[in-house]
Each structure stands twice: as structure tokens, then as C-alpha cells.
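**Student:** The following file, data.tsv, comprises TSV, C-alpha atoms:
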```
chain	number	residue	atom	x	y	z
A	1	MET	CA	2.75	26.03	-54.82
A	2	SER	CA	2.31	22.43	-55.91
A	3	PHE	CA	-0.27	19.95	-54.73
A	4	LEU	CA	2.29	18.32	-52.41
A	5	PRO	CA	1.29	20.30	-49.27
A	6	ALA	CA	-2.20	18.86	-49.72
A	7	ILE	CA	-0.74	15.44	-48.91
A	8	SER	CA	0.60	16.80	-45.64
A	9	PHE	CA	-2.76	18.50	-44.98
A	10	PHE	CA	-4.75	15.27	-45.31
A	11	ALA	CA	-2.12	13.34	-43.34
A	12	LEU	CA	-2.51	15.81	-40.46
A	13	LEU	CA	-6.30	15.40	-40.59
A	14	MET	CA	-5.82	11.64	-40.20
A	15	VAL	CA	-3.32	12.02	-37.35
A	16	LEU	CA	-5.43	14.54	-35.41
A	17	PRO	CA	-8.08	12.02	-34.13
A	18	ILE	CA	-5.32	9.77	-32.79
A	19	LEU	CA	-3.79	12.70	-30.90
A	20	VAL	CA	-7.22	13.61	-29.53
A	21	SER	CA	-7.74	10.04	-28.32
A	22	LEU	CA	-4.34	10.08	-26.58
A	23	ARG	CA	-5.29	13.32	-24.81
A	24	ARG	CA	-7.37	11.22	-22.41
A	25	THR	CA	-4.28	9.38	-21.21
A	26	ALA	CA	-1.99	10.57	-18.47
A	27	ALA	CA	0.61	11.69	-21.03
A	28	ALA	CA	1.51	15.33	-20.42
A	29	GLY	CA	1.33	17.89	-23.20
A	30	MET	CA	-1.09	16.03	-25.48
A	31	GLN	CA	-3.63	18.89	-25.52
A	32	PHE	CA	-0.93	21.18	-26.92
A	33	PHE	CA	0.02	18.66	-29.60
A	34	CYS	CA	-3.66	18.44	-30.60
A	35	LEU	CA	-3.82	22.22	-30.98
A	36	GLY	CA	-0.51	22.22	-32.83
A	37	CYS	CA	-1.73	19.59	-35.28
A	38	ALA	CA	-5.01	21.42	-35.94
A	39	LEU	CA	-3.27	24.76	-36.45
A	40	SER	CA	-0.69	23.15	-38.74
A	41	ALA	CA	-3.52	21.92	-40.96
A	42	VAL	CA	-5.04	25.41	-40.95
A	43	ALA	CA	-1.66	26.93	-41.87
A	44	ILE	CA	-1.13	24.57	-44.81
A	45	ALA	CA	-4.67	25.14	-46.07
A	46	SER	CA	-4.23	28.93	-45.84
A	47	MET	CA	-0.94	28.83	-47.73
A	48	MET	CA	-2.50	26.73	-50.49
A	49	VAL	CA	-5.42	29.18	-50.77
A	50	ALA	CA	-2.99	32.13	-50.88
A	51	ASP	CA	-1.08	30.47	-53.71
A	52	MET	CA	-4.23	29.88	-55.72
A	53	VAL	CA	-5.90	33.28	-55.31
A	54	SER	CA	-2.81	35.48	-54.72
A	55	ALA	CA	-4.45	37.15	-51.71
A	56	PHE	CA	-2.62	38.74	-48.80
A	57	PHE	CA	-4.95	37.74	-45.95
A	58	PRO	CA	-4.51	33.95	-46.35
A	59	VAL	CA	-0.74	34.46	-46.24
A	60	VAL	CA	-0.95	36.36	-42.94
A	61	LEU	CA	-3.37	33.77	-41.56
A	62	GLY	CA	-1.08	30.95	-42.67
A	63	TYR	CA	2.00	32.47	-41.03
A	64	ALA	CA	0.12	33.22	-37.81
A	65	ALA	CA	-1.33	29.70	-37.68
A	66	LEU	CA	2.06	28.10	-38.39
A	67	MET	CA	3.85	30.10	-35.69
A	68	SER	CA	1.06	29.37	-33.20
A	69	ALA	CA	1.20	25.68	-34.15
A	70	TYR	CA	4.92	25.58	-33.52
A	71	LEU	CA	4.49	27.34	-30.16
A	72	PHE	CA	1.93	24.70	-29.12
A	73	ILE	CA	4.27	21.95	-30.34
A	74	LEU	CA	7.01	23.36	-28.10
A	75	LEU	CA	4.56	23.50	-25.20
A	76	GLY	CA	3.68	19.88	-25.93
A	77	PHE	CA	7.33	18.88	-25.83
A	78	ARG	CA	7.74	20.85	-22.62
A	79	GLY	CA	5.08	18.65	-21.00
A	80	LEU	CA	6.02	15.37	-22.68
A	81	LEU	CA	9.73	15.73	-21.90
A	82	ALA	CA	9.18	17.42	-18.51
A	83	LEU	CA	11.39	20.33	-19.57
A	84	SER	CA	12.15	23.14	-17.15
A	85	ALA	CA	12.53	25.77	-19.89
A	86	PRO	CA	11.73	29.40	-18.96
A	87	ALA	CA	8.33	30.65	-20.11
A	88	PHE	CA	9.80	33.33	-22.41
A	89	LEU	CA	12.02	30.87	-24.28
A	90	LEU	CA	9.25	29.05	-26.14
A	91	PRO	CA	7.65	32.11	-27.83
A	92	ALA	CA	11.16	33.36	-28.62
A	93	LEU	CA	12.02	30.10	-30.40
A	94	ALA	CA	8.76	30.16	-32.34
A	95	LEU	CA	9.34	33.77	-33.42
A	96	ALA	CA	12.96	33.08	-34.38
A	97	ALA	CA	11.95	30.10	-36.51
A	98	GLY	CA	9.35	32.20	-38.32
A	99	ILE	CA	11.75	35.06	-39.00
A	100	VAL	CA	14.49	32.76	-40.33
A	101	GLY	CA	12.05	30.97	-42.65
A	102	LEU	CA	10.54	34.23	-43.88
A	103	VAL	CA	13.94	35.81	-44.60
A	104	ALA	CA	15.02	32.71	-46.51
A	105	SER	CA	11.83	32.82	-48.60
A	106	LEU	CA	12.41	36.49	-49.51
A	107	ASN	CA	15.90	35.62	-50.85
A	108	GLY	CA	14.39	33.36	-53.48
A	109	ASP	CA	14.62	29.75	-54.62
A	110	GLY	CA	18.04	28.17	-54.61
A	111	SER	CA	19.77	30.94	-52.64
A	112	PRO	CA	22.65	29.77	-50.42
A	113	GLY	CA	20.64	30.55	-47.29
A	114	ALA	CA	17.64	28.60	-48.55
A	115	ARG	CA	19.77	25.62	-49.57
A	116	LEU	CA	21.46	25.55	-46.17
A	117	LEU	CA	18.15	25.90	-44.35
A	118	ILE	CA	16.51	23.05	-46.26
A	119	ALA	CA	19.53	20.75	-45.86
A	120	VAL	CA	19.73	21.38	-42.13
A	121	GLY	CA	15.93	21.12	-41.89
A	122	LEU	CA	15.90	17.64	-43.42
A	123	ALA	CA	18.70	16.52	-41.11
A	124	SER	CA	16.82	17.99	-38.16
A	125	ALA	CA	13.65	16.12	-39.12
A	126	LEU	CA	15.54	12.81	-39.05
A	127	LEU	CA	17.25	13.76	-35.78
A	128	LEU	CA	13.91	14.71	-34.24
A	129	VAL	CA	12.32	11.37	-35.07
A	130	ALA	CA	15.42	9.47	-33.91
A	131	GLY	CA	15.56	11.43	-30.66
A	132	LEU	CA	11.95	10.60	-29.82
A	133	ALA	CA	12.55	6.95	-30.71
A	134	VAL	CA	15.49	6.52	-28.30
A	135	LEU	CA	14.27	8.94	-25.63
A	136	ASP	CA	13.01	6.33	-23.15
A	137	ARG	CA	15.43	3.60	-24.21
A	138	TRP	CA	18.56	5.64	-23.59
A	139	PRO	CA	17.99	7.26	-20.17
A	140	GLU	CA	21.65	8.15	-19.63
A	141	ALA	CA	21.49	10.50	-22.65
A	142	ARG	CA	18.05	11.92	-21.91
A	143	ARG	CA	19.25	15.51	-21.48
A	144	ALA	CA	21.09	15.41	-24.82
A	145	CYS	CA	17.98	13.95	-26.47
A	146	HIS	CA	15.84	16.75	-25.03
A	147	MET	CA	18.15	19.40	-26.46
A	148	ALA	CA	18.36	17.67	-29.84
A	149	ILE	CA	14.56	17.38	-30.06
A	150	VAL	CA	13.91	21.05	-29.27
A	151	ILE	CA	16.64	22.36	-31.59
A	152	SER	CA	15.60	19.99	-34.40
A	153	ALA	CA	11.96	21.05	-34.08
A	154	THR	CA	12.98	24.73	-34.25
A	155	VAL	CA	15.16	24.30	-37.34
A	156	GLY	CA	12.57	22.10	-38.99
A	157	CYS	CA	9.86	24.68	-38.38
A	158	ALA	CA	12.03	27.43	-39.91
A	159	ALA	CA	12.57	25.26	-43.01
A	160	LEU	CA	8.84	24.54	-43.16
A	161	VAL	CA	8.02	28.25	-43.09
A	162	TYR	CA	10.24	28.67	-46.12
A	163	THR	CA	8.79	25.70	-48.05
A	164	LEU	CA	5.17	26.73	-47.44
A	165	SER	CA	5.70	30.39	-48.25
A	166	PRO	CA	4.04	31.51	-51.53
A	167	MET	CA	6.70	34.22	-51.85
A	168	HIS	CA	9.84	32.19	-52.38
A	169	GLN	CA	8.82	31.10	-55.88
A	170	THR	CA	8.66	34.66	-57.23
A	171	ALA	CA	12.36	35.45	-57.03
A	172	GLY	CA	13.13	33.80	-60.32
A	173	LEU	CA	16.31	32.06	-59.29
A	174	SER	CA	16.84	28.58	-60.66
A	175	ALA	CA	16.93	25.64	-58.30
A	176	SER	CA	18.43	22.19	-58.78
A	177	ALA	CA	16.35	19.03	-58.88
A	178	ALA	CA	17.87	17.90	-55.58
A	179	PHE	CA	16.87	21.14	-53.94
A	180	GLU	CA	13.31	20.90	-55.27
A	181	PHE	CA	13.11	17.31	-54.02
A	182	ALA	CA	14.28	18.42	-50.55
A	183	VAL	CA	11.65	21.18	-50.52
A	184	ALA	CA	8.96	18.66	-51.52
A	185	ALA	CA	10.11	16.26	-48.78
A	186	MET	CA	9.81	19.01	-46.17
A	187	GLN	CA	6.37	20.01	-47.43
A	188	VAL	CA	5.01	16.49	-47.39
A	189	ALA	CA	6.74	14.70	-44.53
A	190	PHE	CA	7.97	17.00	-41.75
A	191	LEU	CA	4.76	17.74	-39.82
A	192	PRO	CA	3.13	14.30	-40.23
A	193	LEU	CA	6.38	12.60	-39.18
A	194	LEU	CA	6.68	14.86	-36.15
A	195	PHE	CA	3.19	14.04	-34.87
A	196	VAL	CA	3.51	10.32	-35.72
A	197	ALA	CA	6.76	10.23	-33.72
A	198	VAL	CA	4.95	11.88	-30.79
A	199	ILE	CA	2.13	9.32	-31.03
A	200	LEU	CA	4.59	6.40	-31.07
A	201	THR	CA	6.44	7.86	-28.07
A	202	VAL	CA	3.24	8.22	-26.04
A	203	GLN	CA	2.02	4.76	-27.02
A	204	SER	CA	5.39	3.29	-26.06
A	205	ARG	CA	5.10	4.91	-22.64
A	206	ILE	CA	1.56	3.62	-22.22
A	207	ILE	CA	2.66	0.08	-23.08
A	208	ALA	CA	5.63	0.35	-20.72
A	209	GLY	CA	3.31	1.53	-17.97
A	210	LEU	CA	0.94	-1.38	-18.59
A	211	ARG	CA	3.83	-3.82	-18.50
A	212	THR	CA	4.97	-2.35	-15.20
A	213	THR	CA	1.43	-2.65	-13.82
A	214	ILE	CA	1.12	-6.24	-14.99
A	215	ALA	CA	4.57	-7.09	-13.61
A	216	ARG	CA	3.62	-5.95	-10.10
A	217	ASP	CA	1.23	-7.59	-7.67
A	218	GLY	CA	-1.54	-5.10	-6.97
A	219	LEU	CA	-1.69	-5.73	-3.22
A	220	THR	CA	1.92	-6.14	-2.14
A	221	GLY	CA	3.86	-4.29	-4.84
A	222	ALA	CA	6.14	-7.31	-5.31
A	223	LEU	CA	6.66	-8.86	-8.74
A	224	SER	CA	3.75	-10.88	-10.06
A	225	ARG	CA	4.13	-14.62	-10.54
A	226	GLY	CA	4.61	-14.30	-14.30
A	227	ALA	CA	7.14	-11.48	-13.96
A	228	LEU	CA	9.06	-13.39	-11.27
A	229	ILE	CA	9.30	-16.51	-13.41
A	230	GLU	CA	10.32	-14.44	-16.45
A	231	ALA	CA	13.01	-12.69	-14.40
A	232	GLY	CA	14.05	-16.03	-12.92
A	233	GLU	CA	14.54	-17.63	-16.34
A	234	ARG	CA	16.65	-14.69	-17.47
A	235	ILE	CA	18.77	-14.63	-14.28
A	236	PHE	CA	19.03	-18.43	-14.28
A	237	ALA	CA	20.34	-18.56	-17.84
A	238	ASP	CA	22.81	-15.75	-17.18
A	239	CYS	CA	24.22	-17.38	-14.03
A	240	LEU	CA	24.59	-20.77	-15.68
A	241	ALA	CA	26.27	-19.21	-18.72
A	242	ARG	CA	28.78	-17.43	-16.47
A	243	HIS	CA	29.17	-20.45	-14.16
A	244	ARG	CA	27.95	-18.38	-11.21
A	245	PRO	CA	25.91	-19.74	-8.29
A	246	LEU	CA	22.19	-19.11	-7.96
A	247	ALA	CA	19.73	-19.79	-5.15
A	248	PHE	CA	15.94	-19.73	-4.95
A	249	LEU	CA	14.05	-19.08	-1.72
A	250	LEU	CA	10.37	-19.99	-1.35
A	251	LEU	CA	8.80	-18.02	1.51
A	252	ASP	CA	5.44	-18.81	3.07
A	253	LEU	CA	3.82	-16.61	5.72
A	254	ASP	CA	2.95	-18.80	8.72
A	255	TYR	CA	-0.60	-19.13	10.07
A	256	PHE	CA	-2.05	-16.87	7.42
A	257	LYS	CA	-5.38	-18.71	7.40
A	258	GLN	CA	-5.71	-18.12	11.13
A	259	ILE	CA	-4.93	-14.42	10.67
A	260	ASN	CA	-7.75	-14.19	8.14
A	261	ASP	CA	-10.16	-16.13	10.35
A	262	HIS	CA	-9.30	-14.31	13.58
A	263	TYR	CA	-8.81	-10.73	12.38
A	264	GLY	CA	-10.63	-10.68	9.03
A	265	HIS	CA	-9.52	-10.70	5.41
A	266	ALA	CA	-8.81	-6.96	5.42
A	267	CYS	CA	-6.26	-7.53	8.16
A	268	GLY	CA	-4.89	-10.46	6.18
A	269	ASP	CA	-4.29	-8.14	3.25
A	270	ILE	CA	-2.54	-5.69	5.58
A	271	ALA	CA	-0.35	-8.53	6.87
A	272	LEU	CA	0.61	-9.59	3.34
A	273	LYS	CA	1.47	-6.03	2.35
A	274	HIS	CA	3.43	-5.49	5.57
A	275	PHE	CA	5.32	-8.75	5.06
A	276	ALA	CA	6.23	-7.89	1.44
A	277	GLU	CA	7.34	-4.38	2.39
A	278	THR	CA	9.42	-5.71	5.28
A	279	VAL	CA	11.22	-8.28	3.12
A	280	SER	CA	11.69	-5.83	0.22
A	281	ALA	CA	13.19	-3.22	2.55
A	282	PHE	CA	15.51	-5.82	4.02
A	283	LEU	CA	16.64	-7.05	0.61
A	284	ASP	CA	17.32	-3.51	-0.64
A	285	GLY	CA	17.44	-4.56	-4.28
A	286	ARG	CA	19.17	-7.91	-3.81
A	287	GLY	CA	17.59	-10.49	-6.07
A	288	ALA	CA	14.12	-10.63	-7.63
A	289	PHE	CA	11.30	-10.81	-5.09
A	290	GLY	CA	7.75	-11.65	-6.13
A	291	ARG	CA	4.43	-13.07	-5.01
A	292	ILE	CA	3.73	-16.53	-6.33
A	293	GLY	CA	0.21	-16.78	-4.96
A	294	GLY	CA	-1.70	-16.43	-1.71
A	295	GLU	CA	0.83	-16.06	1.08
A	296	GLU	CA	3.70	-17.62	-0.91
A	297	PHE	CA	6.57	-15.50	-2.22
A	298	GLY	CA	9.68	-16.33	-4.22
A	299	LEU	CA	13.15	-14.82	-4.07
A	300	ILE	CA	15.72	-15.40	-6.81
A	301	LEU	CA	19.27	-14.70	-5.66
A	302	PRO	CA	21.95	-14.60	-8.36
A	303	ASP	CA	25.58	-15.06	-7.29
A	304	HIS	CA	24.53	-16.61	-3.96
A	305	THR	CA	25.98	-19.85	-2.73
A	306	GLU	CA	24.07	-22.20	-0.44
A	307	GLU	CA	25.75	-20.72	2.63
A	308	GLN	CA	25.05	-17.15	1.57
A	309	ALA	CA	21.43	-17.91	0.73
A	310	THR	CA	20.98	-19.68	4.09
A	311	ALA	CA	22.40	-16.73	6.01
A	312	LEU	CA	20.08	-14.39	4.13
A	313	ALA	CA	17.06	-16.63	4.76
A	314	GLU	CA	17.80	-16.77	8.49
A	315	ALA	CA	18.10	-12.98	8.54
A	316	ILE	CA	14.73	-12.68	6.79
A	317	CYS	CA	13.12	-14.98	9.36
A	318	ARG	CA	14.55	-12.86	12.17
A	319	THR	CA	13.52	-9.56	10.55
A	320	VAL	CA	9.94	-10.70	9.96
A	321	ARG	CA	9.67	-12.07	13.50
A	322	GLU	CA	10.90	-8.78	14.97
A	323	THR	CA	8.61	-6.60	12.82
A	324	PRO	CA	4.98	-7.28	13.80
A	325	VAL	CA	1.95	-5.77	12.11
A	326	THR	CA	0.43	-2.86	14.01
A	327	ARG	CA	-3.33	-2.55	13.51
A	328	VAL	CA	-5.17	0.02	15.62
A	329	HIS	CA	-4.14	-1.08	19.15
A	330	GLN	CA	-3.20	-4.63	18.13
A	331	ARG	CA	0.20	-6.06	17.30
A	332	ILE	CA	0.08	-9.19	15.18
A	333	ARG	CA	3.26	-11.18	15.26
A	334	LEU	CA	4.31	-12.69	11.92
A	335	THR	CA	6.70	-15.51	11.14
A	336	VAL	CA	7.81	-17.03	7.86
A	337	SER	CA	8.97	-20.46	6.76
A	338	ILE	CA	11.50	-20.72	3.95
A	339	GLY	CA	12.67	-23.43	1.58
A	340	ILE	CA	16.11	-23.00	0.01
A	341	ALA	CA	17.34	-24.59	-3.20
A	342	THR	CA	20.47	-23.90	-5.20
A	343	ALA	CA	20.93	-24.45	-8.91
A	344	ALA	CA	23.20	-27.19	-10.23
A	345	PRO	CA	24.48	-27.71	-13.79
A	346	GLY	CA	21.70	-29.11	-15.95
A	347	ASP	CA	18.90	-27.78	-13.71
A	348	THR	CA	15.94	-25.80	-14.91
A	349	ILE	CA	14.32	-23.01	-12.93
A	350	THR	CA	11.24	-25.21	-12.48
A	351	GLU	CA	13.27	-28.01	-10.90
A	352	VAL	CA	14.95	-25.58	-8.49
A	353	MET	CA	11.55	-24.18	-7.49
A	354	ILE	CA	10.15	-27.67	-6.88
A	355	ARG	CA	13.08	-28.56	-4.63
A	356	ALA	CA	12.56	-25.32	-2.72
A	357	ASP	CA	8.86	-26.20	-2.37
A	358	LEU	CA	9.70	-29.58	-0.85
A	359	ALA	CA	12.16	-27.93	1.54
A	360	LEU	CA	9.48	-25.42	2.53
A	361	TYR	CA	7.16	-28.29	3.43
A	362	ASP	CA	9.87	-29.64	5.73
A	363	SER	CA	10.17	-26.21	7.38
A	364	LYS	CA	6.43	-26.24	8.04
A	365	ALA	CA	6.52	-29.80	9.34
A	366	ASP	CA	9.38	-28.98	11.72
A	367	GLY	CA	7.45	-26.20	13.46
A	368	ARG	CA	7.61	-23.18	11.11
A	369	ASP	CA	9.62	-19.98	11.54
A	370	ARG	CA	12.70	-21.63	10.10
A	371	CYS	CA	14.49	-22.34	6.84
A	372	THR	CA	15.39	-25.68	5.31
A	373	ILE	CA	17.93	-26.47	2.62
A	374	ALA	CA	16.61	-28.76	-0.11
A	375	ARG	CA	18.01	-32.12	-1.07
A	376	GLN	CA	20.02	-32.11	-4.31
A	377	ARG	CA	17.95	-34.77	-6.02
A	378	GLN	CA	16.47	-35.22	-9.46
A	379	VAL	CA	12.98	-33.83	-9.83
A	380	ASP	CA	10.80	-36.52	-11.37
A	381	ALA	CA	7.04	-37.01	-11.60
A	382	SER	CA	6.80	-38.25	-8.02
A	383	ALA	CA	8.68	-35.21	-6.74
A	384	ARG	CA	6.31	-32.93	-8.63
A	385	ALA	CA	3.31	-34.71	-7.14
A	386	LEU	CA	4.85	-34.46	-3.67
A	387	ALA	CA	5.44	-30.74	-4.14
A	388	ALA	CA	1.81	-30.25	-5.16
A	389	ALA	CA	0.64	-32.23	-2.11
A	390	ALA	CA	2.95	-30.22	0.14
A	391	ALA	CA	1.48	-26.97	-1.17
A	392	GLN	CA	-2.03	-28.21	-0.32
A	393	LEU	CA	-0.99	-29.34	3.15
A	394	ARG	CA	0.46	-25.91	3.92
A	395	GLN	CA	-2.96	-24.39	3.49
A	396	SER	CA	-4.12	-26.00	6.77
A	397	ASP	CA	-2.27	-24.19	9.57
A	398	SER	CA	-3.16	-25.68	12.93
A	399	PRO	CA	-2.14	-23.41	15.85
A	400	GLU	CA	-3.20	-19.80	16.31
A	401	PRO	CA	-0.52	-17.26	15.34
A	402	GLU	CA	-0.15	-15.95	18.88
A	403	LYS	CA	0.46	-19.47	20.20
A	404	ALA	CA	3.24	-20.36	17.81
A	405	ALA	CA	6.51	-21.21	19.48
A	406	PRO	CA	9.14	-18.53	18.84
A	407	ARG	CA	11.69	-20.96	17.49
A	408	GLN	CA	13.92	-20.71	14.44
A	409	ALA	CA	16.44	-23.13	13.04
A	410	THR	CA	17.99	-24.28	9.81
A	411	ARG	CA	17.64	-27.87	8.69
A	412	ARG	CA	20.12	-29.26	6.21
A	413	TYR	CA	19.79	-32.23	3.90
A	414	ARG	CA	22.69	-33.93	2.22
A	415	SER	CA	22.38	-35.98	-0.90
```
In C-alpha cells, what does this structure look like?
**Tutor:**
Amino acid sequence: MSFLPAISFFALLMVLPILVSLRRTAAAGMQFFCLGCALSAVAIASMMVADMVSAFFPVVLGYAALMSAYLFILLGFRGLLALSAPAFLLPALALAAGIVGLVASLNGDGSPGARLLIAVGLASALLLVAGLAVLDRWPEARRACHMAIVISATVGCAALVYTLSPMHQTAGLSASAAFEFAVAAMQVAFLPLLFVAVILTVQSRIIAGLRTTIARDGLTGALSRGALIEAGERIFADCLARHRPLAFLLLDLDYFKQINDHYGHACGDIALKHFAETVSAFLDGRGAFGRIGGEEFGLILPDHTEEQATALAEAICRTVRETPVTRVHQRIRLTVSIGIATAAPGDTITEVMIRADLALYDSKADGRDRCTIARQRQVDASARALAAAAAQLRQSDSPEPEKAAPRQATRRYRS
């Protein structure tokens, strides 16, 4: 055996600490991949020793370690991919891979079976890495990816058994340069590539989970401010490009300061969560709903005209009013004020949001529990300053929440 397996051995030793560090994450199956990586290194080392000293025991140890490593790799994939494979199937696949590789090695270098096994093994290695790369990005083909990954790992392991075997070089059959290169590629690259692909898959899932966490407000579960604006810019550009209408609703929970003062901040948090859950359930996936800050929320509605957005806003006001917060033996009635702004050609998402903010101030000034349609005017520096002042004025709610008049209306402005 050449020195090439030593490259794979040292590569596995470098990959193993990364796998061990990922074992502490919530990714399933990582403990099995750690064991599989360690046993793969033991198998390669044993086969190299057997080749140097021509002893029988290292060969047996190498085969046993390699089959055990592959079994743990399958168990790792079972956890990582959430496979529902029967318990007996995994040892059967590991045993079948070992038998196929051993039989091919007994037939000698360059035999038709060995050539076929190595060719299919290389293709399987590429398919395995590609399947792991697209696994989470192609959810509609997830079942096909699962099957391709398991089959590719099995075929690749069978080819690896052949390439690491110290017996296949004693048959005396000549082998082409291409075949020897394919054998060397399997010896050096298959196992390190497999574990690197697993590491990249787990890291991709961790990053996706962090993005999801960052994109959601921790208290209400609605989109965070940054995620809402990012979604708004994407939806805004798409609607303008397709010449479709778009509306933005700015929602502000009425008398929130009084709820905090009268019932406590814990109850205020409950009210915010209840409000967000109520609105989200009512929307049922329509638009992008997120928390802008404090008791202010934004709702981006693609393909909604002014009339459609107004009807939806009035329905939200009614739903919130009719769904009070229940806390112990208390029922806290909530209302919401809404500012409505629609996008016009040449607008930016920031200008639409500022117009909605000014309309929200008018809803507050008119008695709350209502929605107001914004003026279609150009947003200049004075409008921005007025919007900032309106946001500050909304922080001072005067009446107690129980004393608020149960009144709801829609105010319209025309340019």
C-alpha cells in the first residue's frame, strides 16, 4: 500500500475535533459521526500497519474498524436526516458493503468487478457530497436526497474496503493508470470529504437556525424590525416590478403605558404576546407581520389595494377589540390604532412607512381604536420630523384602558 492512505488518516485526525465540537449542538447523530471518524482513522492505520509488516491481526482489526465506522456513519445519517429506517437495515448495509469490497479485493487489481466498483464508488462520493449540499435547499426532493445519500455512502464504503485492502495488490493483474488514479482518489478523499460534507451541513443548519432566531422577536414571535424591513424591501421591489399594488399598515396597541402601570410589566408582556398572536392568527399567512418596537407593529401587504387594506385593517381592529386578554380572573380589553399607506410609483419603503406613521398619529388623535388612510404626499424632511414627533406623542396615552370609548371608524385623506 502506498503512503496515500496516510493523507486520509491525518485529514481524519484534523476533522475529528470539529465533529466533537459540533456534538454539543442540537444536531442529531453527531456522536455517531464522531465515533465513525475515529474508527475510520483506526481502520486506515491498521491497514497501513498490515501492509508494512504483513501480519494477519492488523488486517482483521482494520476490517472490523472500517465496518464499525460505516455502521456508525449510517447511524449518524439516520439521526441527521431523521430517517425511519428499520434497525436491522443499517447493520445489513454495513455487512453488504464489507463483503462486496472484500470480494472485489480477492479478484485482484484491474478486474472488471474492481473497475466497476471503483468507478461507481467515485460517482457515489460526488453524489453523496452533492446530496448533502442541496439537502436543506431542495425540500421538495428531500426523500430522493435521503435515498441517494444512503446508497452513495454504502457504495463508497464498499469501494473503500477494496482500496484499503492489503490483499488486492497480490493478484498480479495489471491495472491502467486511470484505474490506479481512481483508487488513489478513493483512498485519499472519500472519508475526509464525507465528514467535511457532514460538518458543512450541520453548520449550515446552525446558521439557518440562528437566522431564524434573529428574524423573530423573542417575546411575540413576530418578525423582528430588521427582518420586517428586509422582507418589506424584497416584497416592495417585487410588487413595483410587476406593477402590483402594495399597502403598509402600522399598528399601535392603545393605552399600553397604562396597562404596564396598572397591571405591571409582566402583564404588559402578556398583552403584547396576546395581541401579536391574535393578529397573526387572523392574518393566517397574509403579508409580513413584525414588531417594529415597543407596542408598534408593521404589516406589509403585497397585492392589496387601498380598499382591500382598509377592509383588512378594520377587521383587525374588530378582532383585537373582541379578543381581550385573560389574566387570572381579569379580562383586559385591548384596542389598536392603525395607519394605512399604499405604495405609489417612485416610492421607497421608507416613505410608505413614514406616511403610515403620520396616519397612525391621526388615528390616535381622533380617539384610537380606528384606522386612518394616509395622504399621498411627498415625504420630505419636515414630514420625517413630524413622524418622529408623532411617535413620541403616542407614548403618552391619557385615559385608562377600561375607560376608552368603544368606537371605531376609518378616516380618509385625499391629496
**Student:** Could you state the separation of CA of Val42 (chain A) and CA of Phe179 (chain A) in Å, given to one decimal place?
**Tutor:**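 It comes out at 25.8 Å.
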**Student:** May I ask for the distance between CA of Ile199 (chain A) and CA of Ile18 (chain A), given in Å to one decimal place?
**Tutor:**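 CA of Ile18 (chain A) lies at a distance of 7.7 Å from CA of Ile199 (chain A).
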**Student:** Find the spatial neighbours of Phe77 (chain A), counting all atoms listed in the file, within a cut-off of 10 Å - ignore same-chain residues fewer than 5 positions away - and output them as a list in words.
**Tutor:**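 My reading of the contact set: Ala28, Gly29, Met30, Phe32, Phe33, Leu71, Phe72, Ala82, Leu83, His146, Ile149, Val150, Ala153 and Val198 of chain A.
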**Student:** Excluding Ala374 (chain A) and any residue of its chain fewer than 6 positions from it, enumerate the residues within 12 Å of it, using all atoms listed in the file, and give them as a ChimeraX atom specification.
**Tutor:** /A:247-250,306,309-310,338-343,351-363,410-415
**Student:** CA of Ala114 (chain A) and CA of Ala97 (chain A), how far apart in Å?
**Tutor:**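 About the pair CA of Ala97 (chain A) and CA of Ala114 (chain A): they are 13.4 Å apart.
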**Student:** Find the residues around Ala38 (chain A) up to 8 Å (only C-alpha atoms counted), leave out those fewer than 6 positions away in its own chain, and share them as a PyMOL selection string.
**Tutor:** chain A and resi 12-13+16+69
**Student:** Using only C-alpha atoms, find the one residue out of A:Pro245, A:Pro324, A:Pro112, A:Pro5 that sits nearest to Val188 (chain A).
**Tutor:**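 Among the listed residues, the smallest separation from Val188 (chain A) belongs to A:Pro5.
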**Student:** When you look at Leu164 (chain A) with a cut-off of 10 Å (counting all atoms listed in the file), what residues show up, excluding the ones that are within fewer than 2 positions of it in the same chain? I need them as a list in words.
**Tutor:**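 In the requested format, the answer is Met1, Ser2, Pro5, Ala43, Ile44, Ser46, Met47, Met48, Asp51, Val59, Gly62, Tyr63, Leu66, Gly101, Leu102, Ser105, Ala159, Leu160, Val161, Tyr162, Pro166, Met167, His168, Val183, Ala184, Met186 and Gln187 of chain A.
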**Student:** Could you tell me which of A:Leu299, A:Lys273, A:Asp254, A:Gly156 comes closest to Ala231 (chain A) if we count all atoms listed in the file?
**Tutor:**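 Answer, going by the shortest atom-to-atom distance: A:Leu299.
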**Student:** Could you tell me which of A:Leu61, A:Ala178, A:Leu251, A:Leu301 comes closest to Val49 (chain A) if we count only C-alpha atoms?
**Tutor:**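 Among A:Leu61, A:Ala178, A:Leu251, A:Leu301, it is A:Leu61 that comes nearest to Val49 (chain A).
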**Student:** Need the shell around region 123-129 of chain A: protein/DNA/RNA residues with any atom at most 9 Å away, counting all atoms listed in the file. Skip same-chain ones fewer than 5 positions apart. Format as a PyMOL selection string?
**Tutor:** chain A and resi 118+134+145+148-156+186+189-190+193-194+196-198
